[in-house]
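Asker: Got start-v7.tsv for you, TSV, C-alpha atoms:
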```tsv
chain	number	residue	atom	x	y	z
A	1	MET	CA	7.80	9.57	-6.10
A	2	ILE	CA	6.07	6.20	-6.40
A	3	ILE	CA	2.47	5.88	-5.21
A	4	LYS	CA	1.70	2.45	-3.72
A	5	THR	CA	-1.65	1.49	-5.23
A	6	LEU	CA	-4.23	-1.18	-4.37
A	7	LEU	CA	-7.05	-2.22	-6.72
A	8	VAL	CA	-10.30	-3.61	-5.27
A	9	ASP	CA	-12.99	-5.03	-7.56
A	10	ASP	CA	-14.90	-8.33	-7.59
A	11	GLU	CA	-15.12	-8.36	-11.40
A	12	PRO	CA	-11.93	-9.91	-12.89
A	13	ILE	CA	-12.33	-8.17	-16.25
A	14	SER	CA	-12.77	-4.75	-14.65
A	15	LEU	CA	-9.79	-5.40	-12.40
A	16	LYS	CA	-7.62	-6.42	-15.35
A	17	ASN	CA	-8.67	-3.42	-17.47
A	18	LEU	CA	-7.98	-0.95	-14.66
A	19	GLU	CA	-4.58	-2.47	-13.95
A	20	SER	CA	-3.71	-2.36	-17.66
A	21	LEU	CA	-4.58	1.34	-17.94
A	22	ILE	CA	-2.60	2.21	-14.83
A	23	THR	CA	0.53	0.24	-15.74
A	24	SER	CA	0.45	1.56	-19.31
A	25	PHE	CA	-0.25	5.25	-18.71
A	26	ALA	CA	0.43	6.09	-15.05
A	27	PRO	CA	4.10	5.39	-14.24
A	28	ALA	CA	3.86	7.18	-10.88
A	29	LEU	CA	1.53	4.43	-9.62
A	30	ASP	CA	2.88	1.06	-8.49
A	31	VAL	CA	0.13	-1.57	-8.28
A	32	ILE	CA	1.23	-3.48	-5.18
A	33	GLY	CA	-1.89	-5.59	-4.78
A	34	LYS	CA	-5.35	-6.56	-5.98
A	35	ALA	CA	-8.37	-7.74	-4.00
A	36	LYS	CA	-11.77	-9.12	-4.97
A	37	SER	CA	-13.55	-9.19	-1.60
A	38	GLU	CA	-13.93	-7.16	1.57
A	39	GLU	CA	-11.80	-9.63	3.54
A	40	ASP	CA	-8.96	-9.61	1.00
A	41	ALA	CA	-9.13	-5.82	0.67
A	42	LEU	CA	-8.84	-5.24	4.42
A	43	GLU	CA	-5.95	-7.67	4.71
A	44	ALA	CA	-4.14	-5.93	1.83
A	45	ILE	CA	-4.75	-2.47	3.29
A	46	PHE	CA	-3.38	-3.41	6.70
A	47	SER	CA	-0.38	-5.36	5.38
A	48	LEU	CA	0.63	-3.42	2.26
A	49	LYS	CA	-0.23	0.09	3.51
A	50	PRO	CA	-1.15	1.61	0.14
A	51	ASP	CA	-1.08	5.32	-0.59
A	52	LEU	CA	-4.02	5.02	-2.96
A	53	VAL	CA	-6.95	2.58	-3.26
A	54	PHE	CA	-9.17	2.23	-6.33
A	55	LEU	CA	-12.34	0.84	-4.79
A	56	ASP	CA	-15.45	-0.69	-6.32
A	57	ILE	CA	-18.70	-0.07	-4.44
A	58	GLU	CA	-20.61	-3.32	-4.94
A	59	LEU	CA	-18.49	-6.25	-3.71
A	60	GLY	CA	-20.73	-9.30	-3.54
A	61	GLY	CA	-22.38	-9.18	-0.13
A	62	SER	CA	-20.59	-6.04	1.05
A	63	THR	CA	-19.62	-2.61	-0.24
A	64	GLY	CA	-16.60	-0.37	-0.53
A	65	PHE	CA	-18.16	1.81	2.17
A	66	ASP	CA	-18.08	-1.18	4.55
A	67	ILE	CA	-14.35	-1.47	3.96
A	68	LEU	CA	-13.69	2.18	4.67
A	69	GLN	CA	-15.71	2.07	7.89
A	70	LYS	CA	-13.36	-0.63	9.17
A	71	CYS	CA	-10.25	1.44	8.46
A	72	SER	CA	-10.25	3.55	11.60
A	73	GLN	CA	-6.85	5.10	10.80
A	74	ARG	CA	-7.20	5.68	7.08
A	75	ASP	CA	-3.97	7.13	5.68
A	76	PHE	CA	-4.65	6.54	2.00
A	77	GLU	CA	-6.65	8.29	-0.71
A	78	VAL	CA	-9.67	6.59	-2.29
A	79	ILE	CA	-10.98	6.73	-5.83
A	80	PHE	CA	-14.25	4.88	-6.32
A	81	VAL	CA	-14.59	3.04	-9.64
A	82	THR	CA	-18.15	1.78	-10.07
A	83	ALA	CA	-20.91	1.05	-12.54
A	84	HIS	CA	-23.42	2.80	-10.26
A	85	ASN	CA	-23.93	6.55	-10.40
A	86	GLU	CA	-26.29	6.86	-7.42
A	87	PHE	CA	-23.65	6.73	-4.68
A	88	GLY	CA	-22.09	10.14	-5.24
A	89	ILE	CA	-23.32	11.65	-1.98
A	90	GLU	CA	-22.16	8.62	0.01
A	91	ALA	CA	-18.75	8.87	-1.67
A	92	VAL	CA	-18.44	12.51	-0.61
A	93	LYS	CA	-19.38	11.59	2.96
A	94	ALA	CA	-16.74	8.85	2.88
A	95	HIS	CA	-14.14	11.50	1.93
A	96	ALA	CA	-13.35	9.86	-1.39
A	97	PHE	CA	-10.92	11.76	-3.60
A	98	ASP	CA	-12.82	10.99	-6.82
A	99	TYR	CA	-15.66	8.94	-8.28
A	100	ILE	CA	-15.25	7.30	-11.71
A	101	LEU	CA	-17.96	5.43	-13.58
A	102	LYS	CA	-17.46	2.20	-15.54
A	103	PRO	CA	-16.57	1.62	-18.27
A	104	VAL	CA	-13.51	3.62	-17.29
A	105	ASN	CA	-12.61	6.45	-19.63
A	106	LYS	CA	-8.82	6.68	-19.97
A	107	THR	CA	-8.74	10.49	-20.08
A	108	GLU	CA	-10.95	10.82	-17.01
A	109	LEU	CA	-8.87	8.23	-15.15
A	110	LEU	CA	-5.55	9.92	-15.94
A	111	MET	CA	-6.89	13.31	-14.92
A	112	ALA	CA	-7.98	11.87	-11.58
A	113	ILE	CA	-4.60	10.19	-11.13
A	114	ASP	CA	-2.76	13.42	-11.88
A	115	ARG	CA	-4.79	15.24	-9.22
A	116	VAL	CA	-4.45	12.55	-6.58
A	117	VAL	CA	-0.68	12.26	-7.10
A	118	LYS	CA	-0.35	16.00	-6.43
A	119	GLN	CA	-2.53	15.61	-3.32
A	120	ILE	CA	-0.36	12.79	-1.97
A	121	GLN	CA	2.82	14.72	-2.74
A	122	GLN	CA	1.56	17.67	-0.72
A	123	LYS	CA	0.85	15.39	2.25
A	124	ARG	CA	4.30	13.81	2.25
A	125	PRO	CA	6.73	15.22	4.82
A	126	THR	CA	9.44	17.42	3.34
A	127	GLU	CA	13.14	16.72	3.73
A	128	LEU	CA	15.77	19.43	3.97
A	129	PRO	CA	19.36	18.30	3.17
A	130	LEU	CA	22.13	19.67	5.39
A	131	SER	CA	25.88	19.78	5.08
A	132	ALA	CA	28.06	17.11	6.72
A	133	GLY	CA	25.66	14.39	5.62
A	134	LYS	CA	22.88	15.33	8.04
A	135	SER	CA	19.27	15.97	7.17
A	136	LYS	CA	16.31	17.54	8.86
A	137	ILE	CA	12.67	16.55	8.78
A	138	SER	CA	9.79	18.95	9.25
A	139	LEU	CA	7.21	18.16	11.92
A	140	SER	CA	3.85	19.91	11.61
A	141	THR	CA	2.85	20.84	15.16
A	142	MET	CA	-0.13	22.80	16.48
A	143	GLU	CA	2.12	25.86	16.84
A	144	GLY	CA	3.86	25.66	13.47
A	145	ILE	CA	6.66	23.59	11.93
A	146	LEU	CA	9.51	22.12	13.98
A	147	PHE	CA	12.71	21.11	12.16
A	148	VAL	CA	14.74	18.32	13.78
A	149	ASP	CA	17.69	16.18	12.75
A	150	ALA	CA	16.45	12.72	11.83
A	151	GLU	CA	19.35	11.20	13.78
A	152	ASP	CA	18.02	12.84	16.96
A	153	VAL	CA	14.75	10.88	16.78
A	154	LEU	CA	14.63	7.75	18.93
A	155	TYR	CA	11.32	6.56	17.53
A	156	ALA	CA	7.94	7.73	16.30
A	157	GLU	CA	4.75	6.50	17.96
A	158	SER	CA	1.32	6.39	16.36
A	159	GLU	CA	-1.52	8.10	18.21
A	160	GLY	CA	-4.46	7.68	15.85
A	161	ARG	CA	-4.35	10.48	13.29
A	162	TYR	CA	-1.34	11.97	15.06
A	163	THR	CA	2.28	10.92	15.65
A	164	ARG	CA	4.39	11.49	18.75
A	165	PHE	CA	8.12	11.86	18.07
A	166	HIS	CA	10.42	10.83	20.92
A	167	LEU	CA	13.77	12.63	20.74
A	168	ASN	CA	17.07	11.61	22.30
A	169	ASN	CA	17.02	14.69	24.56
A	170	GLY	CA	13.82	13.52	26.24
A	171	ILE	CA	11.45	15.83	24.34
A	172	LYS	CA	8.19	14.28	23.11
A	173	GLN	CA	6.60	16.19	20.22
A	174	LEU	CA	3.05	15.51	19.03
A	175	VAL	CA	2.69	16.01	15.27
A	176	SER	CA	-0.54	16.54	13.35
A	177	LYS	CA	0.06	13.82	10.75
A	178	ASN	CA	-0.29	10.05	10.99
A	179	ILE	CA	2.76	7.80	11.22
A	180	GLY	CA	2.26	6.36	7.73
A	181	GLU	CA	3.11	9.73	6.20
A	182	TYR	CA	6.59	9.57	7.77
A	183	GLU	CA	7.35	5.90	7.15
A	184	LEU	CA	8.84	6.14	3.65
A	185	LEU	CA	10.92	9.21	4.51
A	186	LEU	CA	12.37	7.76	7.71
A	187	GLU	CA	13.01	4.27	6.33
A	188	ALA	CA	15.56	5.89	4.01
A	189	LYS	CA	17.31	7.24	7.12
A	190	GLY	CA	17.72	3.96	9.00
A	191	PHE	CA	14.29	3.64	10.61
A	192	VAL	CA	12.19	0.46	10.57
A	193	ARG	CA	8.46	0.01	11.21
A	194	ILE	CA	8.44	-2.65	13.93
A	195	HIS	CA	4.76	-2.36	14.84
A	196	ASN	CA	1.65	-0.51	13.68
A	197	SER	CA	2.42	1.88	16.53
A	198	TYR	CA	6.21	2.24	16.24
A	199	LEU	CA	8.79	3.44	13.74
A	200	VAL	CA	12.20	3.06	15.39
A	201	ASN	CA	15.66	4.46	14.66
A	202	LEU	CA	17.97	1.41	14.32
A	203	HIS	CA	20.90	3.48	15.59
A	204	TYR	CA	19.36	3.41	19.07
A	205	VAL	CA	18.39	-0.29	19.12
A	206	GLN	CA	20.69	-2.06	21.58
A	207	LYS	CA	19.08	-5.47	21.84
A	208	TYR	CA	16.32	-7.65	20.39
A	209	ILE	CA	14.51	-10.00	22.77
A	210	ARG	CA	12.95	-13.04	21.13
A	211	GLY	CA	9.26	-13.83	21.42
A	212	ARG	CA	6.22	-14.35	19.21
A	213	GLY	CA	7.01	-10.90	17.90
A	214	GLY	CA	9.51	-10.01	20.57
A	215	TYR	CA	10.60	-6.54	21.54
A	216	VAL	CA	13.58	-4.23	21.18
A	217	VAL	CA	15.55	-2.53	23.93
A	218	LEU	CA	16.79	0.97	23.12
A	219	LYS	CA	20.05	2.48	24.38
A	220	ASN	CA	18.11	4.47	26.96
A	221	GLY	CA	16.66	1.24	28.38
A	222	GLN	CA	13.19	1.71	26.93
A	223	THR	CA	11.46	-1.33	25.39
A	224	LEU	CA	9.18	-1.35	22.35
A	225	GLU	CA	6.99	-4.23	21.20
A	226	VAL	CA	7.67	-5.85	17.82
A	227	SER	CA	4.62	-7.23	16.01
A	228	THR	CA	4.74	-10.75	14.57
A	229	ARG	CA	4.15	-9.33	11.10
A	230	LYS	CA	7.07	-6.89	11.39
A	231	LYS	CA	9.57	-9.22	13.08
A	232	ASP	CA	11.25	-10.38	9.85
A	233	ASP	CA	11.55	-6.79	8.56
A	234	LEU	CA	13.41	-5.83	11.72
A	235	LEU	CA	15.77	-8.80	11.67
A	236	ASP	CA	16.45	-8.38	7.93
A	237	SER	CA	17.47	-4.77	8.53
A	238	PHE	CA	20.41	-5.94	10.62
A	239	GLN	CA	21.76	-8.25	7.91
```
Represent the structure contained in this file as structure tokens.
Answerer:
Amino acid sequence: MIIKTLLVDDEPISLKNLESLITSFAPALDVIGKAKSEEDALEAIFSLKPDLVFLDIELGGSTGFDILQKCSQRDFEVIFVTAHNEFGIEAVKAHAFDYILKPVNKTELLMAIDRVVKQIQQKRPTELPLSAGKSKISLSTMEGILFVDAEDVLYAESEGRYTRFHLNNGIKQLVSKNIGEYELLLEAKGFVRIHNSYLVNLHYVQKYIRGRGGYVVLKNGQTLEVSTRKKDDLLDSFQ
């Protein structure tokens, strides 16, 4: 399992050193982006959807805490990497996974990475292979775990920290995990993220209506908005 990783630090040398350690000694982490300011970090978080963010605390005129406060639907783990040791309590309150002081010690870093990878693995939805080429996904509900065939899902809809699965039999099931935790699993089964709110099964897409982002029409007649940012991903999936 590859962990999509974002690095945020306004010091180029620190950013380079951290990236070098990760690429050399942590093969499970894929550095998909780097940011040096609050604005760049927020843009990268919303567009790249990382699983893990290494975040500096002092970022020019803002802080790493400012960034986290603006991520209302945080679905990634955070490891603070900072030269300041006085922000430990604030880091705990911000639900950070770990807190590493600069200069970064390789052993300490790798131990933190090992722990966070296990944490992310535990949060990922499980997949149960079936015969005849089918597969089930497990949906964590308030009552327990519901197992459904992925091909029976019309689309998944984000509801903050929860996800509502719309099935082809008309059932709507609210699940106690955010939509980002299902994205990688369902993309491998023919689903595409067409909007921050929607992950749709391409098998049920009957028509695409052009527009700034446009929208799709499902076989049951329902329409779902396509965001401008996700439009090309949707169209590419039909190539």
Asker: Leaving out Leu18 of chain A and any residue of its chain fewer than 4 positions from it, which residues lie within 12 Å of it when counting only C-alpha atoms, given as a count of residues only?
Answerer: 32
Asker: Using all atoms listed in the file, find the one residue out of A:Ala94, A:Cys71, A:Leu48, A:Ala188 that sits nearest to Lys230 of chain A.
Answerer: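 Selected residue with least distance to Lys230 of chain A: A:Leu48.
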Asker: Would you mind telling me which residue in A:Asn201, A:Ala91, A:Leu52, A:Lys16 lies nearest to Asp66 of chain A when using all atoms listed in the file?
Answerer: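 Of all the options, A:Ala91 lies closest to Asp66 of chain A.
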Asker: Could you list, as a PyMOL selection string, every residue within 7 Å of Phe97 of chain A, counting all atoms listed in the file and ignoring same-chain residues fewer than 5 positions away?
Answerer: chain A and resi 77-79
Asker: Just how far from atom CA of Val226 of chain A is atom CA of Ala44 of chain A, in Å to one decimal?
Answerer: 19.9 Å
Asker: I'd like the interatomic distance between atom CA of Tyr162 of chain A and atom CA of Ile179 of chain A, to a tenth of an Å.
Answerer: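 Result for atom CA of Tyr162 of chain A versus atom CA of Ile179 of chain A: 7.0 Å, one decimal.
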Asker: Counting only C-alpha atoms, find residues at most 12 Å from (16.6, 15.3, 26.1) (file frame) and give them as a PyMOL selection string.
Answerer: chain A and resi 152-154+166-173+220
Asker: List every protein, DNA or RNA residue that has an atom no more than 12 Å from (21.2, 3.7, 6.7) in the file's coordinate frame, counting all atoms listed in the file, and report them as a ChimeraX atom specification.
Answerer: /A:133-134,150-151,185-192,201-203,237-238
Asker: List the spatial neighbours of Glu38 of chain A as a PyMOL selection string - criterion: any atom at most 10 Å away, only C-alpha atoms, same-chain residues fewer than 3 positions off excluded.
Answerer: chain A and resi 8-10+35+41-44+59-68
Asker: Write out, as an mmCIF file, keeping the file's coordinate frame, the residues just selected, with C-alpha atoms.
Answerer:
```
data_model
loop_
_atom_site.group_PDB
_atom_site.id
_atom_site.type_symbol
_atom_site.label_atom_id
_atom_site.label_comp_id
_atom_site.auth_asym_id
_atom_site.auth_seq_id
_atom_site.Cartn_x
_atom_site.Cartn_y
_atom_site.Cartn_z
ATOM 1 C CA VAL A 8 -10.300 -3.610 -5.270
ATOM 2 C CA ASP A 9 -12.990 -5.030 -7.560
ATOM 3 C CA ASP A 10 -14.900 -8.330 -7.590
ATOM 4 C CA ALA A 35 -8.370 -7.740 -4.000
ATOM 5 C CA ALA A 41 -9.130 -5.820 0.670
ATOM 6 C CA LEU A 42 -8.840 -5.240 4.420
ATOM 7 C CA GLU A 43 -5.950 -7.670 4.710
ATOM 8 C CA ALA A 44 -4.140 -5.930 1.830
ATOM 9 C CA LEU A 59 -18.490 -6.250 -3.710
ATOM 10 C CA GLY A 60 -20.730 -9.300 -3.540
ATOM 11 C CA GLY A 61 -22.380 -9.180 -0.130
ATOM 12 C CA SER A 62 -20.590 -6.040 1.050
ATOM 13 C CA THR A 63 -19.620 -2.610 -0.240
ATOM 14 C CA GLY A 64 -16.600 -0.370 -0.530
ATOM 15 C CA PHE A 65 -18.160 1.810 2.170
ATOM 16 C CA ASP A 66 -18.080 -1.180 4.550
ATOM 17 C CA ILE A 67 -14.350 -1.470 3.960
ATOM 18 C CA LEU A 68 -13.690 2.180 4.670
#
```
Asker: Between A:Arg212, A:His95, A:Arg115, A:Lys70, which has the minimum distance to Glu225 of chain A (counting all atoms listed in the file)?
Answerer: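 Between A:Arg212, A:His95, A:Arg115, A:Lys70, the residue approaching Glu225 of chain A most closely is A:Arg212.
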Asker: Please determine, counting all atoms listed in the file, which residue among A:Val175, A:Ile145, A:Leu21, A:Leu15 has the shortest atom-to-atom distance to Glu159 of chain A.
Answerer: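 Closest to Glu159 of chain A of all the choices is A:Val175.
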Asker: Using all atoms listed in the file, pick whichever of A:His84, A:Asp40, A:Ser20, A:Asp51 has the shortest atom-to-atom distance to Glu183 of chain A.
Answerer: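 Looking only at the distances to Glu183 of chain A, the closest residue turns out to be A:Asp51.
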Asker: Would you mind listing what lies within 12 Å of Ile120 of chain A as number ranges by chain, with all atoms listed in the file counted and same-chain residues fewer than 3 positions away left out?
Answerer: A: 1-5, 28-29, 50-52, 75-78, 97, 113-117, 123-125, 180-181
Asker: Which is closest to Gly160 of chain A among A:Glu108, A:Arg74, A:Tyr99, A:Leu146, if we use only C-alpha atoms?
Answerer: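 Of the candidates, the smallest distance to Gly160 of chain A is held by A:Arg74.
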Asker: Go ahead and compute the interatomic distance for atom CA of Tyr215 of chain A and atom CA of Arg164 of chain A, in Å to one decimal.
Answerer: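 Computed distance, atom CA of Tyr215 of chain A to atom CA of Arg164 of chain A, equals 19.3 Å.
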